[in-house]
>>> print(open('final_5.cif').read())   # mmCIF, C-alpha atoms
data_my_file
loop_
_atom_site.label_atom_id
_atom_site.label_comp_id
_atom_site.auth_asym_id
_atom_site.auth_seq_id
_atom_site.Cartn_x
_atom_site.Cartn_y
_atom_site.Cartn_z
CA MET A 1 41.06 123.72 -42.38
CA LYS A 2 39.77 121.81 -45.38
CA LEU A 3 40.94 118.76 -47.27
CA ILE A 4 41.01 119.39 -51.00
CA ASP A 5 41.65 117.33 -54.10
CA ILE A 6 45.01 118.33 -55.59
CA LYS A 7 43.12 119.29 -58.79
CA ASN A 8 41.54 122.15 -56.82
CA ALA A 9 44.83 123.44 -55.33
CA LYS A 10 45.61 127.03 -56.28
CA SER A 11 48.64 129.22 -55.73
CA GLY A 12 48.16 131.47 -52.73
CA MET A 13 46.45 128.77 -50.60
CA ARG A 14 48.23 127.89 -47.35
CA LEU A 15 48.93 124.36 -46.14
CA ALA A 16 47.01 123.69 -42.93
CA ARG A 17 48.82 120.39 -42.34
CA ALA A 18 52.35 119.40 -43.35
CA VAL A 19 52.71 117.20 -46.42
CA GLU A 20 54.79 114.13 -45.60
CA ASN A 21 56.23 111.29 -47.62
CA ALA A 22 55.38 107.67 -46.83
CA SER A 23 58.13 107.45 -44.20
CA GLY A 24 56.66 110.42 -42.35
CA MET A 25 59.37 112.88 -43.46
CA ILE A 26 57.99 116.40 -43.88
CA LEU A 27 58.23 117.62 -47.46
CA TYR A 28 56.36 120.91 -47.00
CA GLY A 29 55.52 122.31 -43.58
CA GLU A 30 52.26 123.67 -42.22
CA GLY A 31 51.70 127.31 -43.19
CA ILE A 32 53.60 127.10 -46.49
CA LYS A 33 51.97 129.23 -49.20
CA LEU A 34 51.34 127.23 -52.37
CA THR A 35 52.95 128.26 -55.64
CA ILE A 36 52.56 126.75 -59.12
CA PRO A 37 55.94 124.89 -58.82
CA ILE A 38 54.90 123.43 -55.44
CA ILE A 39 51.56 122.26 -56.88
CA GLU A 40 53.42 120.73 -59.83
CA LYS A 41 55.74 119.00 -57.39
CA PHE A 42 52.70 117.51 -55.57
CA ASN A 43 51.42 116.23 -58.91
CA SER A 44 54.78 114.67 -59.77
CA LEU A 45 54.77 112.94 -56.35
CA ASN A 46 51.23 111.65 -57.04
CA ILE A 47 49.85 113.39 -53.96
CA ASP A 48 46.04 113.31 -54.33
CA SER A 49 44.85 115.63 -51.58
CA ILE A 50 46.16 118.24 -49.14
CA TYR A 51 44.84 120.14 -46.12
CA VAL A 52 44.66 123.91 -46.69
CA GLU A 53 43.46 126.76 -44.53
CA GLY A 54 39.84 127.87 -44.88
CA LYS A 55 36.37 126.44 -44.50
CA SER A 56 34.80 123.93 -46.92
CA GLU A 57 31.53 124.64 -48.67
CA PRO A 58 28.90 122.23 -47.29
CA ARG A 59 28.16 119.24 -49.52
CA LEU A 60 24.37 119.60 -49.35
CA SER A 61 21.90 122.35 -48.51
CA ARG A 62 20.88 122.59 -44.85
CA GLU A 63 17.40 121.30 -45.74
CA ARG A 64 18.77 118.23 -47.54
CA TYR A 65 21.05 117.33 -44.63
CA LEU A 66 18.19 117.65 -42.16
CA ASP A 67 15.74 115.77 -44.42
CA ALA A 68 18.19 112.86 -44.74
CA ALA A 69 18.54 112.77 -40.95
CA ASP A 70 14.75 112.92 -40.45
CA ILE A 71 14.20 109.97 -42.80
CA ALA A 72 17.11 108.00 -41.30
CA PHE A 73 15.71 108.44 -37.79
CA SER A 74 12.03 108.01 -38.67
CA LYS A 75 11.88 104.46 -37.24
CA VAL A 76 13.76 105.26 -34.05
CA SER A 77 12.34 108.65 -33.11
CA ASP A 78 11.09 107.34 -29.76
CA ASN A 79 14.59 106.35 -28.64
CA PRO A 80 16.35 108.84 -26.32
CA LEU A 81 19.89 107.90 -27.42
CA MET A 82 19.02 108.27 -31.09
CA ASN A 83 17.43 111.64 -30.39
CA GLU A 84 20.60 112.71 -28.59
CA ILE A 85 22.74 111.73 -31.62
CA LYS A 86 20.35 113.49 -33.99
CA LYS A 87 20.38 116.63 -31.86
CA GLY A 88 24.21 116.69 -31.99
CA PHE A 89 24.09 116.25 -35.76
CA THR A 90 21.49 119.01 -36.21
CA GLU A 91 23.69 121.39 -34.17
CA TYR A 92 26.69 120.49 -36.31
CA ILE A 93 24.75 121.09 -39.55
CA ASN A 94 23.45 124.43 -38.27
CA SER A 95 27.03 125.46 -37.41
CA LEU A 96 28.01 124.92 -41.07
CA TYR A 97 25.62 127.67 -42.11
CA GLU A 98 26.36 130.27 -39.42
CA MET P 27 11.05 82.24 -57.88
CA ASN P 28 9.88 81.57 -54.35
CA LYS P 29 11.51 82.06 -50.99
CA GLN P 30 14.41 79.63 -50.42
CA SER P 31 15.17 77.53 -47.38
CA TYR P 32 17.83 79.01 -45.11
CA ALA P 33 20.19 76.08 -45.83
CA ASP P 34 19.74 76.49 -49.60
CA VAL P 35 20.54 80.19 -49.43
CA ARG P 36 23.70 79.46 -47.46
CA LYS P 37 24.80 76.75 -49.90
CA LYS P 38 24.31 79.05 -52.87
CA VAL P 39 26.05 82.04 -51.27
CA GLU P 40 29.05 79.92 -50.27
CA ARG P 41 29.43 78.78 -53.89
CA LEU P 42 29.23 82.35 -55.17
CA SER P 43 32.73 82.47 -56.69
CA SER P 44 31.82 79.72 -59.14
CA LEU P 45 28.79 81.56 -60.52
CA PRO P 46 29.05 82.37 -64.24
CA THR P 47 28.06 86.01 -63.67
CA ILE P 48 31.22 86.78 -61.64
CA PRO P 49 33.78 88.72 -63.73
CA PRO P 50 37.08 86.80 -64.36
CA VAL P 51 39.22 89.27 -62.36
CA ALA P 52 36.90 88.96 -59.37
CA THR P 53 37.00 85.16 -59.65
CA LYS P 54 40.81 85.28 -59.51
CA ILE P 55 40.76 87.61 -56.51
CA LEU P 56 38.20 85.48 -54.67
CA LYS P 57 40.30 82.36 -55.37
CA LEU P 58 43.39 84.10 -53.97
CA ILE P 59 41.54 85.38 -50.90
CA GLY P 60 40.19 81.91 -50.21
CA SER P 61 43.45 80.00 -50.64
CA GLU P 62 44.72 78.36 -47.49
CA ASN P 63 48.39 79.36 -47.36
CA ILE P 64 48.21 82.95 -48.48
CA SER P 65 51.42 84.93 -47.94
CA LEU P 66 52.17 88.64 -48.16
CA ASN P 67 54.59 87.96 -51.03
CA LYS P 68 51.96 86.04 -52.97
CA VAL P 69 49.42 88.87 -52.59
CA THR P 70 51.98 91.54 -53.54
CA GLU P 71 52.93 89.59 -56.64
CA PHE P 72 49.29 89.03 -57.60
CA ILE P 73 48.34 92.71 -57.28
CA SER P 74 51.51 93.99 -58.94
CA ARG P 75 50.89 91.83 -62.02
CA ASP P 76 47.60 93.63 -62.70
CA GLN P 77 48.08 97.31 -63.44
CA ALA P 78 44.43 98.29 -63.05
CA LEU P 79 44.15 96.44 -59.75
CA SER P 80 47.40 98.03 -58.49
CA ALA P 81 46.06 101.48 -59.32
CA ARG P 82 42.81 100.78 -57.44
CA VAL P 83 44.63 99.45 -54.38
CA LEU P 84 46.92 102.52 -54.29
CA LYS P 85 43.98 104.86 -54.80
CA ILE P 86 42.11 103.45 -51.79
CA ILE P 87 45.17 103.19 -49.59
CA ASN P 88 46.02 106.84 -50.25
CA SER P 89 42.42 107.96 -49.66
CA PRO P 90 40.97 109.17 -46.34
CA VAL P 91 39.61 105.64 -45.83
CA TYR P 92 43.09 104.89 -44.46
CA GLY P 93 44.63 108.32 -44.04
CA PHE P 94 48.31 107.46 -43.89
CA PRO P 95 50.34 110.63 -43.40
CA GLY P 96 52.28 110.42 -46.65
CA ARG P 97 51.94 109.08 -50.13
CA ILE P 98 52.12 105.28 -50.52
CA SER P 99 53.55 104.61 -53.96
CA SER P 100 54.25 100.89 -54.12
CA ILE P 101 52.15 97.78 -53.60
CA SER P 102 54.78 96.13 -51.40
CA GLN P 103 54.73 99.17 -49.10
CA ALA P 104 50.91 99.12 -49.06
CA VAL P 105 50.83 95.43 -48.20
CA MET P 106 53.35 95.87 -45.37
CA LEU P 107 51.39 98.79 -43.93
CA ILE P 108 47.91 97.36 -43.77
CA GLY P 109 48.66 93.67 -43.24
CA ILE P 110 47.16 90.57 -44.75
CA GLY P 111 43.76 90.61 -42.99
CA ALA P 112 42.88 94.17 -43.98
CA LEU P 113 44.28 93.62 -47.46
CA LYS P 114 42.08 90.60 -48.09
CA GLY P 115 39.09 92.69 -47.08
CA MET P 116 40.14 95.55 -49.33
CA LEU P 117 40.60 93.20 -52.29
CA LEU P 118 37.16 91.78 -51.63
CA GLY P 119 35.71 95.31 -51.64
CA ILE P 120 37.48 96.15 -54.89
CA SER P 121 36.52 92.89 -56.60
CA MET P 122 32.89 93.40 -55.65
CA PHE P 123 32.91 97.07 -56.72
CA ASP P 124 31.39 96.63 -60.17
CA MET P 125 28.92 94.09 -58.89
CA MET P 126 27.89 96.48 -56.11
CA HIS P 127 26.86 98.99 -58.75
CA LYS P 128 24.65 96.36 -60.35
CA THR P 129 23.10 95.37 -57.02
CA MET P 130 22.15 98.87 -55.98
CA MET P 131 23.27 102.32 -56.98
CA GLY P 132 24.96 104.02 -54.08
CA LEU P 133 26.07 100.92 -52.14
CA TRP P 134 29.75 101.54 -52.93
CA GLU P 135 29.43 105.11 -51.68
CA HIS P 136 27.68 103.86 -48.54
CA SER P 137 30.49 101.32 -48.04
CA ILE P 138 33.31 103.86 -48.55
CA GLY P 139 31.44 106.34 -46.34
CA THR P 140 31.08 103.73 -43.58
CA ALA P 141 34.82 102.96 -43.86
CA VAL P 142 35.65 106.67 -43.55
CA ALA P 143 33.31 107.01 -40.54
CA ALA P 144 34.80 103.86 -38.96
CA LYS P 145 38.29 105.28 -39.33
CA ALA P 146 37.23 108.60 -37.76
CA ILE P 147 35.60 106.84 -34.78
CA ALA P 148 38.46 104.35 -34.34
CA THR P 149 40.95 107.24 -34.26
CA LYS P 150 38.82 109.12 -31.74
CA VAL P 151 38.57 106.16 -29.35
CA GLY P 152 42.30 105.51 -29.66
CA MET P 153 42.22 102.13 -31.39
CA LYS P 154 45.51 100.81 -32.73
CA GLU P 155 44.29 98.58 -35.57
CA ILE P 156 42.66 101.38 -37.56
CA GLU P 157 43.16 99.68 -40.96
CA ASP P 158 41.24 96.61 -39.81
CA VAL P 159 38.35 98.76 -38.62
CA SER P 160 38.25 100.72 -41.92
CA VAL P 161 38.05 97.47 -43.85
CA ALA P 162 35.30 96.21 -41.56
CA GLY P 163 33.33 99.35 -42.52
CA LEU P 164 34.13 98.89 -46.20
CA ILE P 165 32.78 95.36 -46.46
CA HIS P 166 30.11 95.26 -43.72
CA ASP P 167 27.35 95.05 -46.39
CA ILE P 168 29.10 92.55 -48.65
CA GLY P 169 26.20 90.17 -48.00
CA LYS P 170 23.90 92.48 -50.01
CA VAL P 171 26.15 92.04 -53.04
CA ALA P 172 26.25 88.27 -52.44
CA LEU P 173 22.43 88.00 -52.21
CA GLY P 174 22.07 90.33 -55.22
CA ILE P 175 24.37 88.13 -57.30
CA CYS P 176 22.85 84.82 -56.18
CA TYR P 177 19.21 85.96 -56.41
CA PRO P 178 19.07 88.91 -58.85
CA GLU P 179 15.32 88.76 -59.44
CA LEU P 180 14.38 88.23 -55.80
CA TYR P 181 16.73 91.01 -54.76
CA LYS P 182 14.92 93.44 -57.08
CA ASN P 183 11.76 92.50 -55.18
CA VAL P 184 13.57 93.18 -51.90
CA ILE P 185 14.36 96.74 -53.00
CA ILE P 186 10.76 97.24 -54.20
CA ALA P 187 9.36 95.92 -50.89
CA VAL P 188 11.56 98.32 -48.90
CA GLY P 189 10.25 101.25 -50.95
CA GLU P 190 6.60 100.20 -50.82
CA LYS P 191 6.33 98.97 -47.24
CA LYS P 192 8.93 101.29 -45.68
CA ILE P 193 10.59 98.37 -43.92
CA TYR P 194 14.24 97.68 -43.09
CA ILE P 195 16.10 95.84 -45.84
CA VAL P 196 16.97 93.05 -43.37
CA GLU P 197 13.27 92.34 -42.94
CA ALA P 198 12.60 92.37 -46.68
CA GLU P 199 15.56 90.02 -47.34
CA GLU P 200 14.33 87.56 -44.72
CA ASN P 201 10.74 87.70 -46.05
CA ILE P 202 11.61 87.38 -49.72
CA ILE P 203 14.89 85.42 -49.89
CA GLY P 204 14.96 83.56 -46.58
CA ALA P 205 18.16 84.99 -45.03
CA ASN P 206 19.54 88.49 -44.47
CA HIS P 207 22.69 90.21 -45.75
CA ALA P 208 24.48 90.12 -42.38
CA GLU P 209 24.18 86.32 -42.34
CA ALA P 210 25.13 86.00 -46.02
CA GLY P 211 28.18 88.23 -45.59
CA SER P 212 29.38 86.30 -42.55
CA TRP P 213 29.09 82.96 -44.39
CA LEU P 214 31.39 84.30 -47.09
CA ALA P 215 33.81 85.90 -44.64
CA ARG P 216 34.07 82.59 -42.73
CA LYS P 217 34.50 80.58 -45.89
CA TRP P 218 37.28 82.93 -47.02
CA ARG P 219 38.99 82.66 -43.61
CA PHE P 220 38.70 86.31 -42.72
CA PRO P 221 39.89 87.40 -39.29
CA LEU P 222 37.22 86.72 -36.64
CA SER P 223 36.79 90.44 -35.86
CA LEU P 224 35.87 91.03 -39.49
CA VAL P 225 33.46 88.07 -39.59
CA ASN P 226 31.77 89.30 -36.41
CA SER P 227 31.48 92.90 -37.55
CA ILE P 228 29.76 91.74 -40.76
CA GLU P 229 27.43 89.38 -38.90
CA TYR P 230 26.50 91.64 -35.97
CA HIS P 231 26.64 95.15 -37.43
CA HIS P 232 22.88 95.55 -36.84
CA ASN P 233 22.76 93.83 -33.43
CA PRO P 234 26.10 94.06 -31.61
CA SER P 235 24.64 92.94 -28.28
CA ALA P 236 24.20 89.44 -29.73
CA ARG P 237 27.99 89.16 -29.58
CA HIS P 238 29.02 91.02 -26.40
CA SER P 239 29.81 94.05 -28.50
CA SER P 240 33.50 94.33 -29.35
CA MET P 241 34.97 97.72 -30.20
CA THR P 242 35.09 96.95 -33.95
CA ILE P 243 31.47 95.79 -34.09
CA ALA P 244 30.36 98.84 -32.09
CA ILE P 245 32.24 101.15 -34.48
CA VAL P 246 30.75 99.62 -37.64
CA HIS P 247 27.28 99.65 -36.01
CA LEU P 248 27.55 103.40 -35.31
CA SER P 249 29.29 104.24 -38.62
CA ASP P 250 26.49 102.63 -40.61
CA THR P 251 23.94 104.85 -38.89
CA ILE P 252 26.01 108.04 -39.06
CA ILE P 253 26.62 107.73 -42.79
CA LYS P 254 22.88 107.21 -43.42
CA MET P 255 22.12 110.24 -41.27
CA MET P 256 24.62 112.29 -43.26
CA GLY P 257 22.77 111.47 -46.49
CA PHE P 258 25.72 109.86 -48.25
CA GLY P 259 25.30 106.85 -50.54
CA PHE P 260 22.43 104.38 -50.46
CA SER P 261 22.40 101.03 -48.70
CA GLY P 262 19.06 99.71 -49.88
CA ASP P 263 16.96 101.41 -47.21
CA PRO P 264 17.33 104.91 -45.76
CA PHE P 265 16.45 103.89 -42.19
CA ALA P 266 18.94 103.90 -39.34
CA HIS P 267 18.83 101.03 -36.89
CA ARG P 268 18.63 101.84 -33.19
CA ILE P 269 22.13 102.21 -31.75
CA GLU P 270 22.34 99.62 -29.02
CA ARG P 271 23.23 100.97 -25.60
CA ILE P 272 25.98 98.36 -25.10
CA ALA P 273 27.71 99.53 -28.30
CA TRP P 274 27.35 103.20 -27.35
CA ASP P 275 28.74 102.55 -23.87
CA THR P 276 31.65 100.57 -25.34
CA LEU P 277 32.67 103.60 -27.38
CA ALA P 278 32.05 106.14 -24.58
CA LEU P 279 31.94 109.09 -26.97
CA THR P 280 31.11 112.61 -25.79
CA GLY P 281 29.03 115.13 -27.73
CA GLU P 282 32.26 116.94 -28.66
CA ASP P 283 33.82 113.68 -29.91
CA LEU P 284 30.79 113.11 -32.10
CA LYS P 285 31.04 116.59 -33.59
CA GLY P 286 34.73 116.01 -34.37
CA ILE P 287 33.77 112.75 -36.09
CA PHE P 288 31.10 114.50 -38.23
CA ILE P 289 33.70 117.08 -39.30
CA GLU P 290 36.29 114.41 -40.22
CA ILE P 291 33.75 112.47 -42.29
CA GLU P 292 32.45 115.51 -44.16
CA GLU P 293 35.99 116.68 -44.97
CA ALA P 294 36.91 113.23 -46.24
CA ILE P 295 33.80 112.95 -48.41
CA LEU P 296 34.22 116.45 -49.82
CA SER P 297 37.86 115.89 -50.72
CA GLN P 298 37.30 112.59 -52.48
CA GLU P 299 33.97 112.92 -54.22
CA THR P 300 35.53 112.99 -57.67
CA SER P 301 38.11 110.27 -57.22
CA ILE P 302 37.29 107.12 -55.25
CA PHE P 303 33.55 107.58 -54.91
#
>>> encode(input="final_5.cif", output="structure tokens")
Amino acid sequence: MKLIDIKNAKSGMRLARAVENASGMILYGEGIKLTIPIIEKFNSLNIDSIYVEGKSEPRLSRERYLDAADIAFSKVSDNPLMNEIKKGFTEYINSLYE
Amino acid sequence: MNKQSYADVRKKVERLSSLPTIPPVATKILKLIGSENISLNKVTEFISRDQALSARVLKIINSPVYGFPGRISSISQAVMLIGIGALKGMLLGISMFDMMHKTMMGLWEHSIGTAVAAKAIATKVGMKEIEDVSVAGLIHDIGKVALGICYPELYKNVIIAVGEKKIYIVEAEENIIGANHAEAGSWLARKWRFPLSLVNSIEYHHNPSARHSSMTIAIVHLSDTIIKMMGFGFSGDPFAHRIERIAWDTLALTGEDLKGIFIEIEEAILSQETSIF
């Protein structure tokens, strides 16, 4: 599942989460295949983003994610809790590239 | 200009809204936020009168910072949903937006990112007042903007010192200005009669144990570190503070919870990079 800007919605994509109005009423259910008229309808309702099926492309390269984490943790690298958090993050980043 | 006395810094920060460098719209917002008998109707009317401000409020309220299930299309609906405390905080964030860019590139992104992270954590730990926690994330660094506006030249030196000496920004602010951003932000939040949970999360976001860590403070404390670790935005220094054990224990997150939080944050950032960031 990925959250996309409505500008990037294309016909053929499938909704991974229902689109609701402000009162929580479902307008389009999970699993609906997008068509041009549905996308136009989203635009007319001012819906900015939707969840669709599929996996997002990572925002940064693996090296840049891990570099940012290394720098962020450079002053706390002797702390066991911080190392635990960093280890969890490193595993998550690695899973993005499997 | 030399280092100020702590009392002088506080006096100047608390008079921030009367500084000539504050844009007129921000001055109006700050006046509204600070007024004693502020009502939901008054705020709705104020926002609705300004088209650009209305658009910004709706943009944020419909973003993953809040994550309401459906589209919020009117200001009155937005105001009813998030309540007066969170709305005051959001207006403060919006009014300081342009000034944040002047203070340091990337601080707005760091603030939005922290709000998104705070929402993800608050949801995971089952908190009810999610909007209040998001706002606490959004404005936790408001003191940096305040110090940057009050002491523009000294604040440039703060940023330089962080880069040269590889120190935390808190340390550089204390050495060069005489008070840090957590203190400066809390002075403003108190002066503007923000809810106590918001005041405390601004003041103690680097050291929650000083205030018997509440859930909101613990969440902002962790969010600030996570968003730095994820390489999103810039908050003046790239260094994470040590997560205090009391805050970590308050949240009682598992490794799986943490992974779910990372996923939520990344999805939110990816989906919004072109709009609110």
>>> closest_atom_pairs(input="final_5.cif", of="chain P", to="chain A", cutoff="9 Å", atoms="all atoms listed in the file", output="JSON lines")
{"residue": "P:Lys85", "atom": "CA", "partner": "A:Asp48", "partner_atom": "CA", "distance": 8.7}
{"residue": "P:Asn88", "atom": "CA", "partner": "A:Asp48", "partner_atom": "CA", "distance": 7.6}
{"residue": "P:Ser89", "atom": "CA", "partner": "A:Asp48", "partner_atom": "CA", "distance": 8.0}
{"residue": "P:Phe94", "atom": "CA", "partner": "A:Ala22", "partner_atom": "CA", "distance": 7.7}
{"residue": "P:Pro95", "atom": "CA", "partner": "A:Glu20", "partner_atom": "CA", "distance": 6.1}
{"residue": "P:Gly96", "atom": "CA", "partner": "A:Ala22", "partner_atom": "CA", "distance": 4.1}
{"residue": "P:Arg97", "atom": "CA", "partner": "A:Ala22", "partner_atom": "CA", "distance": 5.0}
{"residue": "P:Ile98", "atom": "CA", "partner": "A:Ala22", "partner_atom": "CA", "distance": 5.5}
{"residue": "P:Ser99", "atom": "CA", "partner": "A:Ala22", "partner_atom": "CA", "distance": 8.0}
{"residue": "P:Gln103", "atom": "CA", "partner": "A:Ala22", "partner_atom": "CA", "distance": 8.8}
{"residue": "P:Thr251", "atom": "CA", "partner": "A:Ala72", "partner_atom": "CA", "distance": 7.9}
{"residue": "P:Ile252", "atom": "CA", "partner": "A:Ile85", "partner_atom": "CA", "distance": 8.9}
{"residue": "P:Lys254", "atom": "CA", "partner": "A:Ala72", "partner_atom": "CA", "distance": 6.2}
{"residue": "P:Met255", "atom": "CA", "partner": "A:Ala69", "partner_atom": "CA", "distance": 4.4}
{"residue": "P:Met256", "atom": "CA", "partner": "A:Tyr65", "partner_atom": "CA", "distance": 6.3}
{"residue": "P:Gly257", "atom": "CA", "partner": "A:Ala68", "partner_atom": "CA", "distance": 5.1}
{"residue": "P:Phe258", "atom": "CA", "partner": "A:Ala68", "partner_atom": "CA", "distance": 8.8}
{"residue": "P:Asp263", "atom": "CA", "partner": "A:Ala72", "partner_atom": "CA", "distance": 8.9}
{"residue": "P:Pro264", "atom": "CA", "partner": "A:Ala72", "partner_atom": "CA", "distance": 5.4}
{"residue": "P:Phe265", "atom": "CA", "partner": "A:Ala72", "partner_atom": "CA", "distance": 4.3}
{"residue": "P:Ala266", "atom": "CA", "partner": "A:Ala72", "partner_atom": "CA", "distance": 4.9}
{"residue": "P:His267", "atom": "CA", "partner": "A:Val76", "partner_atom": "CA", "distance": 7.2}
{"residue": "P:Arg268", "atom": "CA", "partner": "A:Val76", "partner_atom": "CA", "distance": 6.0}
{"residue": "P:Ile269", "atom": "CA", "partner": "A:Met82", "partner_atom": "CA", "distance": 6.8}
{"residue": "P:Glu270", "atom": "CA", "partner": "A:Leu81", "partner_atom": "CA", "distance": 8.8}
{"residue": "P:Arg271", "atom": "CA", "partner": "A:Leu81", "partner_atom": "CA", "distance": 7.9}
{"residue": "P:Trp274", "atom": "CA", "partner": "A:Leu81", "partner_atom": "CA", "distance": 8.8}
{"residue": "P:Gly281", "atom": "CA", "partner": "A:Gly88", "partner_atom": "CA", "distance": 6.6}
{"residue": "P:Glu282", "atom": "CA", "partner": "A:Gly88", "partner_atom": "CA", "distance": 8.7}
{"residue": "P:Leu284", "atom": "CA", "partner": "A:Gly88", "partner_atom": "CA", "distance": 7.5}
{"residue": "P:Lys285", "atom": "CA", "partner": "A:Tyr92", "partner_atom": "CA", "distance": 6.4}
{"residue": "P:Phe288", "atom": "CA", "partner": "A:Phe89", "partner_atom": "CA", "distance": 7.6}
{"residue": "P:Ile289", "atom": "CA", "partner": "A:Tyr92", "partner_atom": "CA", "distance": 8.3}
{"residue": "P:Glu292", "atom": "CA", "partner": "A:Arg59", "partner_atom": "CA", "distance": 7.8}
{"residue": "P:Glu293", "atom": "CA", "partner": "A:Leu3", "partner_atom": "CA", "distance": 5.8}
{"residue": "P:Ala294", "atom": "CA", "partner": "A:Leu3", "partner_atom": "CA", "distance": 6.9}
{"residue": "P:Ile295", "atom": "CA", "partner": "A:Arg59", "partner_atom": "CA", "distance": 8.5}
{"residue": "P:Leu296", "atom": "CA", "partner": "A:Arg59", "partner_atom": "CA", "distance": 6.7}
{"residue": "P:Ser297", "atom": "CA", "partner": "A:Ile4", "partner_atom": "CA", "distance": 4.7}
{"residue": "P:Gln298", "atom": "CA", "partner": "A:Asp5", "partner_atom": "CA", "distance": 6.6}
{"residue": "P:Glu299", "atom": "CA", "partner": "A:Asp5", "partner_atom": "CA", "distance": 8.9}
{"residue": "P:Thr300", "atom": "CA", "partner": "A:Asp5", "partner_atom": "CA", "distance": 8.3}
{"residue": "P:Ser301", "atom": "CA", "partner": "A:Asp5", "partner_atom": "CA", "distance": 8.5}
>>> atom_distance(input="final_5.cif", atom1="atom CA of P:Glu155", atom2="atom CA of P:Ser74")
24.9 Å
>>> resolve_selection(input="final_5.cif", expression="the PyMOL selection byres ((chain P and resi 234) around 12)", output="compact mmCIF listing (two decimals) with C-alpha atoms, in the frame of the given file")
# COMPACT_ATOMS: atom_id res chain seq x y z
CA ALA P 208 24.48 90.12 -42.38
CA ASN P 226 31.77 89.30 -36.41
CA SER P 227 31.48 92.90 -37.55
CA ILE P 228 29.76 91.74 -40.76
CA GLU P 229 27.43 89.38 -38.90
CA TYR P 230 26.50 91.64 -35.97
CA HIS P 231 26.64 95.15 -37.43
CA HIS P 232 22.88 95.55 -36.84
CA ASN P 233 22.76 93.83 -33.43
CA SER P 235 24.64 92.94 -28.28
CA ALA P 236 24.20 89.44 -29.73
CA ARG P 237 27.99 89.16 -29.58
CA HIS P 238 29.02 91.02 -26.40
CA SER P 239 29.81 94.05 -28.50
CA SER P 240 33.50 94.33 -29.35
CA MET P 241 34.97 97.72 -30.20
CA THR P 242 35.09 96.95 -33.95
CA ILE P 243 31.47 95.79 -34.09
CA ALA P 244 30.36 98.84 -32.09
CA ILE P 245 32.24 101.15 -34.48
CA VAL P 246 30.75 99.62 -37.64
CA HIS P 247 27.28 99.65 -36.01
CA LEU P 248 27.55 103.40 -35.31
CA HIS P 267 18.83 101.03 -36.89
CA ARG P 268 18.63 101.84 -33.19
CA ILE P 269 22.13 102.21 -31.75
CA GLU P 270 22.34 99.62 -29.02
CA ARG P 271 23.23 100.97 -25.60
CA ILE P 272 25.98 98.36 -25.10
CA ALA P 273 27.71 99.53 -28.30
CA TRP P 274 27.35 103.20 -27.35
CA ASP P 275 28.74 102.55 -23.87
CA THR P 276 31.65 100.57 -25.34
>>> resolve_selection(input="final_5.cif", expression="the PyMOL selection byres ((chain P and resi 92) around 8)", output="list in words")
Ile86, Ile87, Asn88, Ser89, Pro90, Val91, Gly93, Phe94, Val142, Lys145, Ile156, Glu157 and Ser160 of chain P
>>> atom_distance(input="final_5.cif", atom1="atom CA of A:Gly54", atom2="atom CA of A:Ile32")
13.9 Å
>>> resolve_selection(input="final_5.cif", expression="the PyMOL selection byres ((chain P and resi 48-56) around 10)", output="ChimeraX atom specification")
/P:42-47,57-61,69,72-73,76,79,114,117-118,120-125,175,218
>>> residues_near_point(input="final_5.cif", point="(32.8, 97.2, -45.8)", cutoff="10 Å", atoms="only C-alpha atoms", output="ChimeraX atom specification")
/P:115-116,118-119,133-134,136-141,144,159-169,224,227-228,246,250
>>> residues_around(input="final_5.cif", residues="P:Asn201", least_positions_apart="2", cutoff="12 Å", atoms="all atoms listed in the file", output="PyMOL selection string")
chain P and resi 28-32+180-181+183-185+187-188+193-199+203-206
